[in-house]
Amino acid sequence: MEFIIAKNKINEPLLEPDKIEIINDQFEIWYYDDDRLPPISVGVNSYSGIPKCLAMIGTEGLEKSGVFRLQNEFNPGLFGNGVYVAVIDTGVNFALSSFIRNNGTSKVAVLWDQENEQVYDNSQINAAIRTDDPYEIIPAQDEDGHGTFIAGIICGQENRENDFTGIAPEAQLIVVKLKPAEKELKDFFFIPDEKLVFSEADIMRGIAFAERYASQNNRPMVVCLALGCNNGSHNGTENLCEYIDGITSERGRTVVVGAGNEANARHHYQGSTTAKPADVEINVEKDMRGMYVECWSLAPELFTLSIISPGGQSNPAGIPVQPQSGNYDFLLEGTKVTIDYSLTGRLSRDLLAFIRMENVVKGVWTIRFYPVKTINGIFHLWLPMNNMLEGDVTFIVSDPQTTITMPSDAKAVITAGGYNSINDSIYIESGRGFDSNGFYKPDLAAPAVNISGVDTRGNYILSSGTSAAAAITAGVCALGLELFTNRILEDSTNGLDIKNALIRDCRRKDGTDYPNKTTGYGYLNGIANL
């Protein structure tokens, strides 16, 4: 089992780790032999230290995004030359024609297969694609297709027969094929065995690998992260958020994240109370192995809470606000509930009440909030992201705002929401802002409906989702990095510069206020002068 450790919070460990991996000067990953550890618990292990499980956030419009202008109006055109694009995902099927140049060489500069701990360089990949069975030589195939689709949008080779070209077809790929999250972590979050999710720690390892490779070769790099989850306070203070914000501030680095597809999922509730208790109702559609709910109040708000079962049984309220566990058995339903209170966040020390429920019966469960010390009395609840549990769990009354997924709530990165480029309507599932502190997110909206890309066999398909919006935005960022770091030779350009240039050039509608919770500063429209 692995845990994420923020170095400035390291205390003497109760149990010395078997191995320590340094991510950067802020974060380490501590590994333990599973036989040495008790079961995972927020009350025993710090909430921030437990890696979150991130899932894929789903998968035309190039003219409206300003791509053709960037490719054609400059002399020579911008196509991503000299830029790396890191796809941290399910892998990329490197032997497809979309990722092979006209001269027969691969666009993949390096591929790290985390599951087998194997790294393949460009020469090895070139040798493999010249054989009859490349995946026999390099067994790192993308079986899901999400990473392949994303990479194809960003830098797929031109295919005139299918009227397709990637946004930055000359960019080189850094591919990290993430290993699936381990069973113990999935069981803690009650994620079904068949659901493909990835550990926050492995994602950080993947980005660190890409960062080292780009630095060694002195090239600018865009990181495309089309993964997300509903964990955290949604104010950009999770470990992964802080890590990628740090990457974004480095010279020649840009990170793009999709806003997620949770706006219409009924997985967020915002309430307020300063005097009397407030009830929040959750509908569980069927009996399940388990589920969890995260209840957050931003510092300095303090609450305690109780749980009321469908049969009317309640656990007592008034539990002290401290990082300890309280366990409650609901005899009528046979459900076991654990409530952990924790003051968490390296910067803000927000209050988290983490509710974990085992053997959950169907029906309406109620969470009752009791204000302890309040100013505005605002609190938020988030349920797990779509398809992360065995059945549907929703709030009876929900709020579509503040539904951006972690890590799209990171402050400095570019967060892409989604829209339909045919009629400029908002993609209904696209995660909405602002973040829970009122910080502007998403930053912009990119095409996300019926986007063309390649599947695992190289067929051209259409798919929708903010993963596609993130990929399109990442491709435009690659063109921007080519312009400012390779052409204009502006050595200080970083992700914040690219983000500001995108925002300045956004297309905006008359009569609409910007920034707003759905399109941020407007619609992606290429990149303006820095």
# chains A, B, ... in the order shown; residues from 1 in each chain; ligands from 1
>>> residues_around(residues="stretch 280-296 of chain A", least_positions_apart="6", cutoff="6 Å", atoms="only C-alpha atoms", output="PyMOL selection string")
chain A and resi 190+351-367+379-383+392-396
>>> select_by_dssp(residues="stretch 19-169 of chain A", states="strand (DSSP E)", output="MDAnalysis selection string")
chainID A and resid 19:22 27:31 53:56 84:89 108:113 118:121
>>> closest_residue(among="A:Gly147, A:Ala55, A:Leu173, A:Leu111", to="A:Leu196", atoms="only C-alpha atoms")
A:Ala55
>>> residues_around(residues="stretch 478-495 of chain A", least_positions_apart="6", cutoff="7 Å", atoms="only C-alpha atoms", output="tab-separated table (two decimals) with all heavy atoms, in the first residue's frame")
chain	number	residue	atom	x	y	z
A	78	LEU	N	2.06	26.51	-37.34
A	78	LEU	CA	2.33	25.89	-36.05
A	78	LEU	C	1.71	24.50	-36.02
A	78	LEU	O	0.50	24.35	-36.22
A	78	LEU	CB	1.76	26.75	-34.92
A	78	LEU	CG	2.34	28.16	-34.78
A	78	LEU	CD1	1.55	28.95	-33.74
A	78	LEU	CD2	3.82	28.10	-34.38
A	79	PHE	N	2.54	23.49	-35.73
A	79	PHE	CA	2.04	22.12	-35.69
A	79	PHE	C	2.58	21.33	-34.49
A	79	PHE	O	2.45	20.13	-34.44
A	79	PHE	CB	2.39	21.39	-36.99
A	79	PHE	CG	1.74	21.99	-38.21
A	79	PHE	CD1	2.42	22.89	-39.00
A	79	PHE	CD2	0.43	21.67	-38.52
A	79	PHE	CE1	1.82	23.46	-40.12
A	79	PHE	CE2	-0.20	22.23	-39.65
A	79	PHE	CZ	0.51	23.14	-40.44
A	80	GLY	N	3.20	22.05	-33.55
A	80	GLY	CA	3.70	21.38	-32.35
A	80	GLY	C	5.14	20.93	-32.43
A	80	GLY	O	5.58	20.13	-31.59
A	81	ASN	N	5.89	21.42	-33.41
A	81	ASN	CA	7.29	21.03	-33.53
A	81	ASN	C	8.08	21.37	-32.27
A	81	ASN	O	7.97	22.48	-31.74
A	81	ASN	CB	7.94	21.74	-34.73
A	81	ASN	CG	7.63	21.05	-36.03
A	81	ASN	OD1	8.09	19.95	-36.29
A	81	ASN	ND2	6.81	21.70	-36.85
A	82	GLY	N	8.88	20.42	-31.81
A	82	GLY	CA	9.75	20.66	-30.67
A	82	GLY	C	9.05	20.65	-29.32
A	82	GLY	O	9.66	21.03	-28.32
A	83	VAL	N	7.79	20.21	-29.29
A	83	VAL	CA	7.02	20.23	-28.04
A	83	VAL	C	6.64	18.80	-27.66
A	83	VAL	O	6.23	18.00	-28.52
A	83	VAL	CB	5.75	21.09	-28.19
A	83	VAL	CG1	4.91	21.03	-26.91
A	83	VAL	CG2	6.12	22.53	-28.53
A	168	ALA	N	-1.90	19.20	-33.04
A	168	ALA	CA	-0.45	19.44	-33.07
A	168	ALA	C	0.24	18.19	-33.60
A	168	ALA	O	0.92	17.48	-32.85
A	168	ALA	CB	0.05	19.80	-31.67
A	220	PRO	N	9.93	22.06	-24.15
A	220	PRO	CA	8.68	22.44	-23.48
A	220	PRO	C	7.70	21.27	-23.49
A	220	PRO	O	7.78	20.38	-24.34
A	220	PRO	CB	8.18	23.61	-24.33
A	220	PRO	CG	8.78	23.41	-25.67
A	220	PRO	CD	10.12	22.76	-25.43
A	222	VAL	N	3.46	19.98	-22.54
A	222	VAL	CA	2.08	20.10	-22.09
A	222	VAL	C	1.67	18.78	-21.46
A	222	VAL	O	1.89	17.72	-22.06
A	222	VAL	CB	1.12	20.43	-23.25
A	222	VAL	CG1	-0.32	20.54	-22.74
A	222	VAL	CG2	1.54	21.70	-23.96
A	248	THR	N	2.98	23.77	-13.31
A	248	THR	CA	2.53	24.84	-14.21
A	248	THR	C	3.39	26.10	-14.07
A	248	THR	O	3.55	26.84	-15.04
A	248	THR	CB	1.06	25.18	-13.90
A	248	THR	OG1	0.26	24.02	-14.13
A	248	THR	CG2	0.55	26.29	-14.78
A	249	SER	N	3.94	26.34	-12.90
A	249	SER	CA	4.73	27.55	-12.69
A	249	SER	C	6.14	27.44	-13.26
A	249	SER	O	6.87	28.44	-13.33
A	249	SER	CB	4.81	27.86	-11.19
A	249	SER	OG	5.57	26.87	-10.51
A	250	GLU	N	6.54	26.23	-13.68
A	250	GLU	CA	7.89	26.03	-14.21
A	250	GLU	C	7.98	26.51	-15.66
A	250	GLU	O	7.02	26.47	-16.42
A	250	GLU	CB	8.27	24.55	-14.14
A	250	GLU	CG	8.31	23.97	-12.74
A	250	GLU	CD	9.42	24.57	-11.90
A	250	GLU	OE1	10.46	24.95	-12.48
A	250	GLU	OE2	9.24	24.67	-10.67
A	251	ARG	N	9.15	26.94	-16.05
A	251	ARG	CA	9.38	27.43	-17.42
A	251	ARG	C	9.10	26.33	-18.44
A	251	ARG	O	9.54	25.19	-18.29
A	251	ARG	CB	10.84	27.89	-17.55
A	251	ARG	CG	11.22	28.39	-18.93
A	251	ARG	CD	12.66	28.88	-18.93
A	251	ARG	NE	13.59	27.80	-18.61
A	251	ARG	CZ	14.11	26.96	-19.53
A	251	ARG	NH1	13.74	27.07	-20.80
A	251	ARG	NH2	14.95	26.03	-19.17
A	252	GLY	N	8.34	26.66	-19.48
A	252	GLY	CA	8.08	25.72	-20.56
A	252	GLY	C	7.14	24.59	-20.21
A	252	GLY	O	7.13	23.56	-20.87
A	253	ARG	N	6.30	24.77	-19.16
A	253	ARG	CA	5.39	23.72	-18.74
A	253	ARG	C	3.95	24.25	-18.70
A	253	ARG	O	3.70	25.37	-18.26
A	253	ARG	CB	5.75	23.20	-17.34
A	253	ARG	CG	7.16	22.65	-17.25
A	253	ARG	CD	7.30	21.34	-18.01
A	253	ARG	NE	8.65	20.80	-17.89
A	253	ARG	CZ	9.61	20.96	-18.79
A	253	ARG	NH1	9.36	21.66	-19.90
A	253	ARG	NH2	10.80	20.43	-18.61
A	254	THR	N	3.03	23.42	-19.15
A	254	THR	CA	1.60	23.73	-19.10
A	254	THR	C	0.85	22.47	-18.73
A	254	THR	O	1.18	21.39	-19.23
A	254	THR	CB	1.08	24.27	-20.45
A	254	THR	OG1	1.80	25.44	-20.81
A	254	THR	CG2	-0.40	24.60	-20.39
A	255	VAL	N	-0.15	22.59	-17.88
A	255	VAL	CA	-0.98	21.44	-17.49
A	255	VAL	C	-2.43	21.78	-17.82
A	255	VAL	O	-2.93	22.84	-17.45
A	255	VAL	CB	-0.85	21.11	-15.99
A	255	VAL	CG1	-1.74	19.91	-15.63
A	255	VAL	CG2	0.60	20.83	-15.62
A	527	ILE	N	-4.81	31.39	-29.48
A	527	ILE	CA	-3.94	31.93	-28.44
A	527	ILE	C	-3.46	33.32	-28.85
A	527	ILE	O	-3.02	33.54	-29.98
A	527	ILE	CB	-2.75	30.97	-28.19
A	527	ILE	CG1	-2.03	31.31	-26.89
A	527	ILE	CG2	-1.81	30.91	-29.36
A	527	ILE	CD1	-1.20	30.17	-26.37
>>> closest_atom_pairs(of="stretch 189-295 of chain A", to="stretch 409-428 of chain A", cutoff="12 Å", atoms="only C-alpha atoms", output="Markdown table")
| residue | atom | partner | partner_atom | distance |
| --- | --- | --- | --- | --- |
| A:Val222 | CA | A:Ile414 | CA | 10.7 |
| A:Val223 | CA | A:Val413 | CA | 9.9 |
| A:Cys224 | CA | A:Ile414 | CA | 9.8 |
| A:Leu225 | CA | A:Thr415 | CA | 9.9 |
| A:Ala226 | CA | A:Ala416 | CA | 9.9 |
| A:Leu227 | CA | A:Thr415 | CA | 11.8 |
| A:Gly228 | CA | A:Asp409 | CA | 10.1 |
| A:Cys229 | CA | A:Asp409 | CA | 10.8 |
| A:Asn230 | CA | A:Asp409 | CA | 10.6 |
| A:Asn231 | CA | A:Asp409 | CA | 11.1 |
| A:Gly232 | CA | A:Asp409 | CA | 9.7 |
| A:Ser233 | CA | A:Asp409 | CA | 9.3 |
| A:His234 | CA | A:Asp409 | CA | 5.8 |
| A:Asn235 | CA | A:Asp409 | CA | 5.9 |
| A:Gly236 | CA | A:Ala410 | CA | 4.2 |
| A:Thr237 | CA | A:Ala410 | CA | 7.3 |
| A:Glu238 | CA | A:Ala410 | CA | 8.3 |
| A:Asn239 | CA | A:Ala410 | CA | 9.9 |
| A:Leu240 | CA | A:Ala410 | CA | 8.4 |
| A:Cys241 | CA | A:Ala410 | CA | 4.7 |
| A:Glu242 | CA | A:Ala410 | CA | 6.8 |
| A:Tyr243 | CA | A:Ala410 | CA | 9.1 |
| A:Ile244 | CA | A:Val413 | CA | 7.1 |
| A:Asp245 | CA | A:Ala412 | CA | 5.2 |
| A:Gly246 | CA | A:Ala412 | CA | 8.2 |
| A:Ile247 | CA | A:Val413 | CA | 8.9 |
| A:Thr248 | CA | A:Val413 | CA | 6.2 |
| A:Ser249 | CA | A:Ala412 | CA | 7.7 |
| A:Glu250 | CA | A:Ala412 | CA | 11.1 |
| A:Arg253 | CA | A:Val413 | CA | 10.1 |
| A:Thr254 | CA | A:Val413 | CA | 7.2 |
| A:Val255 | CA | A:Val413 | CA | 5.3 |
| A:Val256 | CA | A:Ile414 | CA | 4.8 |
| A:Val257 | CA | A:Thr415 | CA | 5.0 |
| A:Gly258 | CA | A:Ala416 | CA | 5.0 |
| A:Ala259 | CA | A:Gly417 | CA | 5.1 |
| A:Gly260 | CA | A:Gly417 | CA | 7.6 |
| A:Asn261 | CA | A:Ile428 | CA | 8.3 |
| A:Glu262 | CA | A:Ile428 | CA | 9.1 |
| A:Ala263 | CA | A:Ile428 | CA | 7.0 |
| A:Asn264 | CA | A:Ile428 | CA | 6.7 |
| A:Ala265 | CA | A:Ile428 | CA | 10.1 |
>>> write_last_selection(atoms="C-alpha atoms", output="mmCIF file, in the first residue's frame")
data_model
loop_
_atom_site.group_PDB
_atom_site.id
_atom_site.type_symbol
_atom_site.label_atom_id
_atom_site.label_comp_id
_atom_site.auth_asym_id
_atom_site.auth_seq_id
_atom_site.Cartn_x
_atom_site.Cartn_y
_atom_site.Cartn_z
ATOM 1 C CA VAL A 222 2.078 20.103 -22.086
ATOM 2 C CA VAL A 223 0.534 17.612 -19.651
ATOM 3 C CA CYS A 224 -2.989 16.477 -20.543
ATOM 4 C CA LEU A 225 -4.858 14.998 -17.589
ATOM 5 C CA ALA A 226 -8.326 13.776 -18.566
ATOM 6 C CA LEU A 227 -8.982 12.056 -15.233
ATOM 7 C CA GLY A 228 -10.888 13.121 -12.160
ATOM 8 C CA CYS A 229 -12.835 12.303 -9.013
ATOM 9 C CA ASN A 230 -15.218 13.966 -6.537
ATOM 10 C CA ASN A 231 -12.911 13.699 -3.523
ATOM 11 C CA GLY A 232 -11.622 16.726 -1.701
ATOM 12 C CA SER A 233 -12.817 20.177 -0.679
ATOM 13 C CA HIS A 234 -12.921 21.383 -4.311
ATOM 14 C CA ASN A 235 -10.790 24.408 -3.547
ATOM 15 C CA GLY A 236 -7.535 23.213 -5.082
ATOM 16 C CA THR A 237 -5.723 22.108 -1.929
ATOM 17 C CA GLU A 238 -5.421 18.363 -2.566
ATOM 18 C CA ASN A 239 -1.932 16.934 -3.010
ATOM 19 C CA LEU A 240 -2.350 16.360 -6.749
ATOM 20 C CA CYS A 241 -3.717 19.891 -7.237
ATOM 21 C CA GLU A 242 -0.795 21.500 -5.442
ATOM 22 C CA TYR A 243 1.670 19.324 -7.323
ATOM 23 C CA ILE A 244 0.394 20.185 -10.802
ATOM 24 C CA ASP A 245 0.087 23.858 -9.851
ATOM 25 C CA GLY A 246 3.803 23.708 -9.085
ATOM 26 C CA ILE A 247 4.528 22.088 -12.456
ATOM 27 C CA THR A 248 2.534 24.839 -14.206
ATOM 28 C CA SER A 249 4.734 27.545 -12.690
ATOM 29 C CA GLU A 250 7.885 26.030 -14.214
ATOM 30 C CA ARG A 253 5.389 23.715 -18.739
ATOM 31 C CA THR A 254 1.599 23.734 -19.097
ATOM 32 C CA VAL A 255 -0.981 21.443 -17.493
ATOM 33 C CA VAL A 256 -4.510 21.018 -18.894
ATOM 34 C CA VAL A 257 -7.291 19.252 -16.992
ATOM 35 C CA GLY A 258 -10.886 18.486 -17.986
ATOM 36 C CA ALA A 259 -13.645 19.889 -15.757
ATOM 37 C CA GLY A 260 -15.381 16.505 -15.488
ATOM 38 C CA ASN A 261 -18.884 15.415 -16.427
ATOM 39 C CA GLU A 262 -20.673 15.776 -13.085
ATOM 40 C CA ALA A 263 -22.940 18.827 -13.532
ATOM 41 C CA ASN A 264 -26.049 16.733 -14.164
ATOM 42 C CA ALA A 265 -25.175 13.793 -11.900
#
>>> select_by_dssp(residues="stretch 470-527 of chain A", states="alpha helix (DSSP H)", output="list in words")
Ala470, Ala471, Ile472, Thr473, Ala474, Gly475, Val476, Cys477, Ala478, Leu479, Gly480, Leu481, Gly495, Leu496, Asp497, Ile498, Lys499, Asn500, Ala501, Leu502, Ile503 and Arg504 of chain A
>>> write_last_selection(atoms="N, CA and C atoms", output="PDB file, in the first residue's frame")
ATOM      1  N   ALA A 470     -10.448  18.772 -22.937  1.00  0.00           N
ATOM      2  CA  ALA A 470      -9.091  18.907 -22.406  1.00  0.00           C
ATOM      3  C   ALA A 470      -8.061  18.607 -23.481  1.00  0.00           C
ATOM      4  N   ALA A 471      -8.320  17.576 -24.300  1.00  0.00           N
ATOM      5  CA  ALA A 471      -7.373  17.207 -25.352  1.00  0.00           C
ATOM      6  C   ALA A 471      -7.239  18.320 -26.392  1.00  0.00           C
ATOM      7  N   ILE A 472      -8.367  18.895 -26.800  1.00  0.00           N
ATOM      8  CA  ILE A 472      -8.321  19.998 -27.769  1.00  0.00           C
ATOM      9  C   ILE A 472      -7.552  21.176 -27.189  1.00  0.00           C
ATOM     10  N   THR A 473      -7.826  21.497 -25.935  1.00  0.00           N
ATOM     11  CA  THR A 473      -7.130  22.614 -25.279  1.00  0.00           C
ATOM     12  C   THR A 473      -5.640  22.324 -25.159  1.00  0.00           C
ATOM     13  N   ALA A 474      -5.282  21.087 -24.824  1.00  0.00           N
ATOM     14  CA  ALA A 474      -3.868  20.714 -24.712  1.00  0.00           C
ATOM     15  C   ALA A 474      -3.170  20.849 -26.060  1.00  0.00           C
ATOM     16  N   GLY A 475      -3.863  20.483 -27.142  1.00  0.00           N
ATOM     17  CA  GLY A 475      -3.278  20.633 -28.471  1.00  0.00           C
ATOM     18  C   GLY A 475      -2.996  22.084 -28.808  1.00  0.00           C
ATOM     19  N   VAL A 476      -3.943  22.963 -28.478  1.00  0.00           N
ATOM     20  CA  VAL A 476      -3.738  24.396 -28.713  1.00  0.00           C
ATOM     21  C   VAL A 476      -2.577  24.913 -27.861  1.00  0.00           C
ATOM     22  N   CYS A 477      -2.464  24.425 -26.634  1.00  0.00           N
ATOM     23  CA  CYS A 477      -1.343  24.826 -25.773  1.00  0.00           C
ATOM     24  C   CYS A 477      -0.004  24.389 -26.379  1.00  0.00           C
ATOM     25  N   ALA A 478       0.024  23.231 -27.007  1.00  0.00           N
ATOM     26  CA  ALA A 478       1.254  22.774 -27.658  1.00  0.00           C
ATOM     27  C   ALA A 478       1.659  23.729 -28.774  1.00  0.00           C
ATOM     28  N   LEU A 479       0.683  24.218 -29.529  1.00  0.00           N
ATOM     29  CA  LEU A 479       0.980  25.198 -30.576  1.00  0.00           C
ATOM     30  C   LEU A 479       1.480  26.498 -29.950  1.00  0.00           C
ATOM     31  N   GLY A 480       0.888  26.876 -28.830  1.00  0.00           N
ATOM     32  CA  GLY A 480       1.324  28.085 -28.145  1.00  0.00           C
ATOM     33  C   GLY A 480       2.747  27.963 -27.619  1.00  0.00           C
ATOM     34  N   LEU A 481       3.088  26.804 -27.054  1.00  0.00           N
ATOM     35  CA  LEU A 481       4.450  26.609 -26.565  1.00  0.00           C
ATOM     36  C   LEU A 481       5.449  26.608 -27.708  1.00  0.00           C
ATOM     37  N   GLY A 495       3.138  27.905 -17.792  1.00  0.00           N
ATOM     38  CA  GLY A 495       1.728  27.585 -17.974  1.00  0.00           C
ATOM     39  C   GLY A 495       0.799  28.742 -17.680  1.00  0.00           C
ATOM     40  N   LEU A 496       1.185  29.596 -16.740  1.00  0.00           N
ATOM     41  CA  LEU A 496       0.347  30.759 -16.430  1.00  0.00           C
ATOM     42  C   LEU A 496       0.322  31.737 -17.602  1.00  0.00           C
ATOM     43  N   ASP A 497       1.465  31.889 -18.291  1.00  0.00           N
ATOM     44  CA  ASP A 497       1.506  32.751 -19.472  1.00  0.00           C
ATOM     45  C   ASP A 497       0.601  32.200 -20.579  1.00  0.00           C
ATOM     46  N   ILE A 498       0.695  30.888 -20.809  1.00  0.00           N
ATOM     47  CA  ILE A 498      -0.141  30.264 -21.836  1.00  0.00           C
ATOM     48  C   ILE A 498      -1.618  30.379 -21.455  1.00  0.00           C
ATOM     49  N   LYS A 499      -1.919  30.160 -20.189  1.00  0.00           N
ATOM     50  CA  LYS A 499      -3.303  30.274 -19.725  1.00  0.00           C
ATOM     51  C   LYS A 499      -3.846  31.686 -19.961  1.00  0.00           C
ATOM     52  N   ASN A 500      -3.073  32.696 -19.596  1.00  0.00           N
ATOM     53  CA  ASN A 500      -3.519  34.073 -19.792  1.00  0.00           C
ATOM     54  C   ASN A 500      -3.692  34.406 -21.270  1.00  0.00           C
ATOM     55  N   ALA A 501      -2.805  33.861 -22.115  1.00  0.00           N
ATOM     56  CA  ALA A 501      -2.920  34.105 -23.556  1.00  0.00           C
ATOM     57  C   ALA A 501      -4.190  33.466 -24.121  1.00  0.00           C
ATOM     58  N   LEU A 502      -4.526  32.272 -23.644  1.00  0.00           N
ATOM     59  CA  LEU A 502      -5.773  31.626 -24.073  1.00  0.00           C
ATOM     60  C   LEU A 502      -6.982  32.447 -23.631  1.00  0.00           C
ATOM     61  N   ILE A 503      -6.961  32.898 -22.385  1.00  0.00           N
ATOM     62  CA  ILE A 503      -8.089  33.657 -21.839  1.00  0.00           C
ATOM     63  C   ILE A 503      -8.286  34.967 -22.609  1.00  0.00           C
ATOM     64  N   ARG A 504      -7.168  35.651 -22.919  1.00  0.00           N
ATOM     65  CA  ARG A 504      -7.287  36.910 -23.653  1.00  0.00           C
ATOM     66  C   ARG A 504      -7.946  36.716 -25.014  1.00  0.00           C
TER      67      ARG A 504
END
>>> residues_around(residues="stretch 510-518 of chain A", least_positions_apart="3", cutoff="6 Å", atoms="only C-alpha atoms", output="ChimeraX atom specification")
/A:432-434,521
